[in-house]
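Below is the file model12.pdb, which contains PDB, C-alpha atoms, pLDDT in the B column.
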```pdb
ATOM      1  CA  MET K  66       0.000   0.000   0.000  1.00 41.00           C
ATOM      2  CA  GLN K  67       1.327   3.435  -1.000  1.00 42.00           C
ATOM      3  CA  LYS K  68       1.554   6.195   1.616  1.00 49.00           C
ATOM      4  CA  ALA K  69      -0.135   9.494   0.868  1.00 50.00           C
ATOM      5  CA  LYS K  70       2.374  12.224   0.076  1.00 61.00           C
ATOM      6  CA  ASP K  71       3.219  14.356   3.049  1.00 67.00           C
ATOM      7  CA  LYS K  72       1.817  17.829   2.567  1.00 70.00           C
ATOM      8  CA  TYR K  73       4.531  20.483   2.598  1.00 68.00           C
ATOM      9  CA  GLN K  74       4.315  22.745   5.652  1.00 73.00           C
ATOM     10  CA  PRO K  75       6.291  25.988   5.416  1.00 71.00           C
ATOM     11  CA  ASP K  76       8.494  26.809   8.408  1.00 83.00           C
ATOM     12  CA  VAL K  77       7.153  30.287   9.181  1.00 88.00           C
ATOM     13  CA  SER K  78       9.668  31.128  11.914  1.00 94.00           C
ATOM     14  CA  ARG K  79      12.580  30.171   9.619  1.00 93.00           C
ATOM     15  CA  PHE K  80      11.081  32.326   6.836  1.00 91.00           C
ATOM     16  CA  LEU K  81      10.605  35.320   9.171  1.00 95.00           C
ATOM     17  CA  ALA K  82      14.189  34.951  10.432  1.00 97.00           C
ATOM     18  CA  LEU K  83      15.413  35.052   6.824  1.00 96.00           C
ATOM     19  CA  CYS K  84      13.311  38.168   6.106  1.00 96.00           C
ATOM     20  CA  GLY K  85      14.724  39.773   9.275  1.00 97.00           C
ATOM     21  CA  ARG K  86      18.305  39.106   8.140  1.00 96.00           C
ATOM     22  CA  ASN K  87      17.518  40.595   4.732  1.00 97.00           C
ATOM     23  CA  TYR K  88      16.092  43.696   6.418  1.00 97.00           C
ATOM     24  CA  ALA K  89      19.281  44.071   8.496  1.00 94.00           C
ATOM     25  CA  HIS K  90      21.396  43.922   5.320  1.00 93.00           C
ATOM     26  CA  ILE K  91      19.231  46.463   3.482  1.00 94.00           C
ATOM     27  CA  VAL K  92      18.902  49.127   6.199  1.00 92.00           C
ATOM     28  CA  ARG K  93      22.689  49.450   6.440  1.00 89.00           C
ATOM     29  CA  TRP K  94      22.679  51.360   3.141  1.00 88.00           C
ATOM     30  CA  LEU K  95      19.045  52.468   2.708  1.00 90.00           C
ATOM     31  CA  PRO K  96      18.897  56.252   3.274  1.00 85.00           C
ATOM     32  CA  GLU K  97      16.508  57.369   6.026  1.00 79.00           C
ATOM     33  CA  SER K  98      14.737  59.782   3.724  1.00 83.00           C
ATOM     34  CA  CYS K  99      14.461  58.992   0.038  1.00 87.00           C
ATOM     35  CA  ALA K 100      11.802  59.646  -2.556  1.00 92.00           C
ATOM     36  CA  THR K 101      10.129  57.424  -5.103  1.00 94.00           C
ATOM     37  CA  GLY K 102      12.287  57.220  -8.215  1.00 95.00           C
ATOM     38  CA  GLU K 103      15.626  57.787  -6.478  1.00 94.00           C
ATOM     39  CA  GLN K 104      18.428  55.494  -7.591  1.00 94.00           C
ATOM     40  CA  TRP K 105      21.884  54.727  -6.254  1.00 91.00           C
ATOM     41  CA  GLN K 106      24.641  52.153  -6.118  1.00 91.00           C
ATOM     42  CA  VAL K 107      25.972  50.205  -3.177  1.00 89.00           C
ATOM     43  CA  GLU K 108      29.508  48.908  -3.506  1.00 86.00           C
ATOM     44  CA  GLY K 109      31.335  46.212  -1.570  1.00 84.00           C
ATOM     45  CA  SER K 110      34.377  44.004  -1.955  1.00 82.00           C
ATOM     46  CA  PHE K 111      32.382  41.374  -3.832  1.00 82.00           C
ATOM     47  CA  GLY K 112      30.358  43.527  -6.190  1.00 83.00           C
ATOM     48  CA  CYS K 113      27.937  46.361  -6.696  1.00 89.00           C
ATOM     49  CA  LEU K 114      24.169  46.642  -6.339  1.00 91.00           C
ATOM     50  CA  GLU K 115      21.945  49.043  -8.265  1.00 93.00           C
ATOM     51  CA  VAL K 116      19.017  50.148  -6.104  1.00 94.00           C
ATOM     52  CA  SER K 117      15.941  52.215  -6.894  1.00 95.00           C
ATOM     53  CA  ILE K 118      12.914  53.203  -4.823  1.00 96.00           C
ATOM     54  CA  LEU K 119       9.684  52.136  -6.524  1.00 96.00           C
ATOM     55  CA  GLU K 120       7.226  52.993  -3.737  1.00 96.00           C
ATOM     56  CA  ASN K 121       7.485  54.943  -0.511  1.00 94.00           C
ATOM     57  CA  THR K 122       4.913  54.925   2.304  1.00 92.00           C
ATOM     58  CA  PRO K 123       5.274  55.798   6.001  1.00 88.00           C
ATOM     59  CA  TYR K 124       5.945  52.201   7.126  1.00 93.00           C
ATOM     60  CA  THR K 125       7.041  50.378   3.972  1.00 95.00           C
ATOM     61  CA  GLN K 126       9.139  50.853   0.867  1.00 96.00           C
ATOM     62  CA  VAL K 127       9.340  48.867  -2.337  1.00 96.00           C
ATOM     63  CA  VAL K 128      12.850  48.745  -3.766  1.00 96.00           C
ATOM     64  CA  SER K 129      14.351  47.210  -6.877  1.00 95.00           C
ATOM     65  CA  ILE K 130      17.749  45.609  -6.351  1.00 94.00           C
ATOM     66  CA  ALA K 131      19.886  44.481  -9.291  1.00 91.00           C
ATOM     67  CA  ARG K 132      23.423  43.141  -9.410  1.00 88.00           C
ATOM     68  CA  PRO K 133      25.044  43.784 -12.794  1.00 85.00           C
ATOM     69  CA  MET K 134      27.527  41.068 -13.678  1.00 76.00           C
ATOM     70  CA  GLY K 135      29.523  42.959 -16.322  1.00 70.00           C
ATOM     71  CA  GLN K 136      29.430  40.143 -18.874  1.00 66.00           C
ATOM     72  CA  ASP K 137      27.657  42.036 -21.665  1.00 67.00           C
ATOM     73  CA  GLY K 138      24.339  40.211 -21.468  1.00 64.00           C
ATOM     74  CA  VAL K 139      25.760  36.687 -21.410  1.00 71.00           C
ATOM     75  CA  VAL K 140      24.162  36.109 -17.997  1.00 72.00           C
ATOM     76  CA  PRO K 141      20.851  37.815 -17.151  1.00 77.00           C
ATOM     77  CA  VAL K 142      21.212  40.493 -14.468  1.00 81.00           C
ATOM     78  CA  PRO K 143      19.858  39.184 -11.143  1.00 85.00           C
ATOM     79  CA  CYS K 144      17.045  41.540 -10.143  1.00 88.00           C
ATOM     80  CA  VAL K 145      14.481  41.406  -7.343  1.00 92.00           C
ATOM     81  CA  THR K 146      11.674  43.648  -6.145  1.00 94.00           C
ATOM     82  CA  VAL K 147      11.553  43.798  -2.354  1.00 96.00           C
ATOM     83  CA  ARG K 148       9.037  45.222   0.097  1.00 96.00           C
ATOM     84  CA  VAL K 149      10.800  46.602   3.176  1.00 97.00           C
ATOM     85  CA  TYR K 150       8.564  46.630   6.271  1.00 97.00           C
ATOM     86  CA  HIS K 151      10.121  49.171   8.657  1.00 96.00           C
ATOM     87  CA  ASP K 152       7.540  48.617  11.391  1.00 96.00           C
ATOM     88  CA  ALA K 153       8.096  44.829  11.455  1.00 97.00           C
ATOM     89  CA  LYS K 154      11.807  45.057  10.499  1.00 97.00           C
ATOM     90  CA  LEU K 155      11.373  42.562   7.650  1.00 98.00           C
ATOM     91  CA  ALA K 156      12.225  42.568   3.938  1.00 97.00           C
ATOM     92  CA  GLU K 157      10.338  40.200   1.615  1.00 94.00           C
ATOM     93  CA  VAL K 158      10.818  39.511  -2.100  1.00 93.00           C
ATOM     94  CA  LEU K 159       7.735  40.394  -4.144  1.00 91.00           C
ATOM     95  CA  SER K 160       9.121  39.330  -7.508  1.00 84.00           C
ATOM     96  CA  SER K 161      12.300  37.770  -8.810  1.00 77.00           C
ATOM     97  CA  GLN K 162      13.410  37.496 -12.441  1.00 67.00           C
ATOM     98  CA  GLN K 163      10.326  36.237 -14.291  1.00 60.00           C
ATOM     99  CA  ILE K 164       8.390  35.197 -11.169  1.00 60.00           C
ATOM    100  CA  SER K 165       5.926  37.670  -9.695  1.00 61.00           C
ATOM    101  CA  ARG K 166       3.209  37.246  -7.096  1.00 63.00           C
ATOM    102  CA  LEU K 167       4.978  34.457  -5.298  1.00 62.00           C
ATOM    103  CA  GLN K 168       2.767  31.924  -3.574  1.00 59.00           C
ATOM    104  CA  ALA K 169       3.665  30.650  -0.123  1.00 63.00           C
ATOM    105  CA  VAL K 170       3.503  27.015  -1.278  1.00 63.00           C
ATOM    106  CA  TYR K 171       3.428  25.409  -4.728  1.00 57.00           C
ATOM    107  CA  ASP K 172       2.153  21.955  -5.618  1.00 61.00           C
ATOM    108  CA  TYR K 173       4.911  19.783  -6.994  1.00 64.00           C
ATOM    109  CA  PRO K 174       5.321  18.992  -9.793  1.00 65.00           C
ATOM    110  CA  ASN K 175       3.832  22.075 -11.392  1.00 57.00           C
ATOM    111  CA  LEU K 176       3.726  23.602 -14.853  1.00 65.00           C
ATOM    112  CA  HIS K 177       6.480  26.159 -14.169  1.00 58.00           C
ATOM    113  CA  MET K 178       8.626  23.742 -12.138  1.00 54.00           C
ATOM    114  CA  HIS K 179       8.696  25.993  -9.074  1.00 54.00           C
ATOM    115  CA  HIS K 180       9.986  24.428  -5.876  1.00 57.00           C
ATOM    116  CA  ARG K 181       7.406  23.738  -3.203  1.00 66.00           C
ATOM    117  CA  ASN K 182       9.131  26.417  -1.132  1.00 70.00           C
ATOM    118  CA  GLU K 183       9.864  28.826  -4.006  1.00 73.00           C
ATOM    119  CA  LYS K 184       9.057  31.862  -1.861  1.00 80.00           C
ATOM    120  CA  TYR K 185      11.670  30.833   0.697  1.00 84.00           C
ATOM    121  CA  GLN K 186      14.171  30.073  -2.088  1.00 81.00           C
ATOM    122  CA  VAL K 187      13.935  33.544  -3.685  1.00 86.00           C
ATOM    123  CA  ASN K 188      14.276  35.216  -0.288  1.00 89.00           C
ATOM    124  CA  ALA K 189      17.370  33.071   0.372  1.00 89.00           C
ATOM    125  CA  PHE K 190      18.641  34.219  -3.054  1.00 87.00           C
ATOM    126  CA  LEU K 191      18.126  37.843  -1.918  1.00 92.00           C
ATOM    127  CA  GLU K 192      20.205  37.150   1.177  1.00 93.00           C
ATOM    128  CA  GLU K 193      23.059  35.885  -1.020  1.00 89.00           C
ATOM    129  CA  LEU K 194      22.656  38.872  -3.359  1.00 88.00           C
ATOM    130  CA  LEU K 195      22.958  41.266  -0.414  1.00 90.00           C
ATOM    131  CA  LYS K 196      26.182  39.691   0.830  1.00 85.00           C
ATOM    132  CA  ILE K 197      28.417  41.893  -1.294  1.00 79.00           C
ATOM    133  CA  ASP K 198      30.413  42.827   1.800  1.00 66.00           C
ATOM    134  CA  CYS K 199      29.897  43.284   5.507  1.00 59.00           C
ATOM    135  CA  ARG K 200      31.054  46.891   5.031  1.00 60.00           C
ATOM    136  CA  ALA K 201      29.051  47.788   1.925  1.00 53.00           C
ATOM    137  CA  ARG K 202      28.735  51.502   1.350  1.00 56.00           C
ATOM    138  CA  LEU K 203      26.625  53.897  -0.665  1.00 56.00           C
ATOM    139  CA  VAL K 204      28.776  55.114  -3.566  1.00 59.00           C
ATOM    140  CA  CYS K 205      26.514  57.375  -5.551  1.00 57.00           C
ATOM    141  CA  GLN K 206      22.973  58.624  -5.287  1.00 60.00           C
ATOM    142  CA  SER K 207      20.980  60.416  -7.985  1.00 55.00           C
TER     143      SER K 207
END
```

Write-out of the structure in structure tokens:
Amino acid sequence: MQKAKDKYQPDVSRFLALCGRNYAHIVRWLPESCATGEQWQVEGSFGCLEVSILENTPYTQVVSIARPMGQDGVVPVPCVTVRVYHDAKLAEVLSSQQISRLQAVYDYPNLHMHHRNEKYQVNAFLEELLKIDCRARLVCQS
């Protein structure tokens, strides 16, 4: 007799811890007062991030974070859209590459071959993207 597949249960506390770490990385170089449309670069020993403010409200911001690779289009530029929750001190990926409106859990297998925990995976990707250096600094703001 075949056992029924175990239903995937997301680990909410692990996900919130990840979002908290991402927030801590982002606020090190996110200016206290910035307006929608502002753009700047953050530079570290391991690379550079291009950041722009897409939305600004009293308690949240939506930012676009891209990491140009300098290989003339051979590799697509990693880019994520992140909502930064200042009141909760969390940062969560809203969209990544061609995936938008991430679901908390996906059935597997699925048409787009997303992982069951795709939302966690893209937030873990953001954490890796943000690790350009423990002393990253703002290099130019426009």

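Within 12 Å of K:Leu194, once only C-alpha atoms are used and residues closer than 5 positions along the same chain are dropped, the contacting residues are K:Asn87, K:His90, K:Ile91, K:Val107, K:Gly109, K:Phe111, K:Gly112, K:Cys113, K:Leu114, K:Glu115, K:Ile130, K:Ala131, K:Arg132, K:Pro133, K:Met134, K:Val142, K:Pro143, K:Cys144, K:Val145, K:Val158, K:Ser161, K:Val187, K:Asn188, K:Ala189.
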
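Between atom CA of K:Ala153 and atom CA of K:Gln74 there is a distance of 23.1 Å.
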
Inset, instruction - Quick one: everything within 12 Å of K:Ser98, counting all atoms listed in the file, minus sequence neighbours fewer than 6 positions away in the same chain. Send it as a count of residues only. - result: 6

Inset, instruction - Measure the distance from atom CA of K:Val149 to atom CA of K:Tyr88 in Å and round it to one decimal. - result: 6.9 Å

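Across the structure, atom CA of K:Tyr124 and atom CA of K:Asp152 are spaced 5.8 Å apart.
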
Legend entry - Resolved residues for the PyMOL selection byres ((chain K and resi 84) around 6) as a list in words: Leu81, Ala82, Leu83, Gly85, Arg86, Asn87, Leu155, Ala156 and Glu157 of chain K
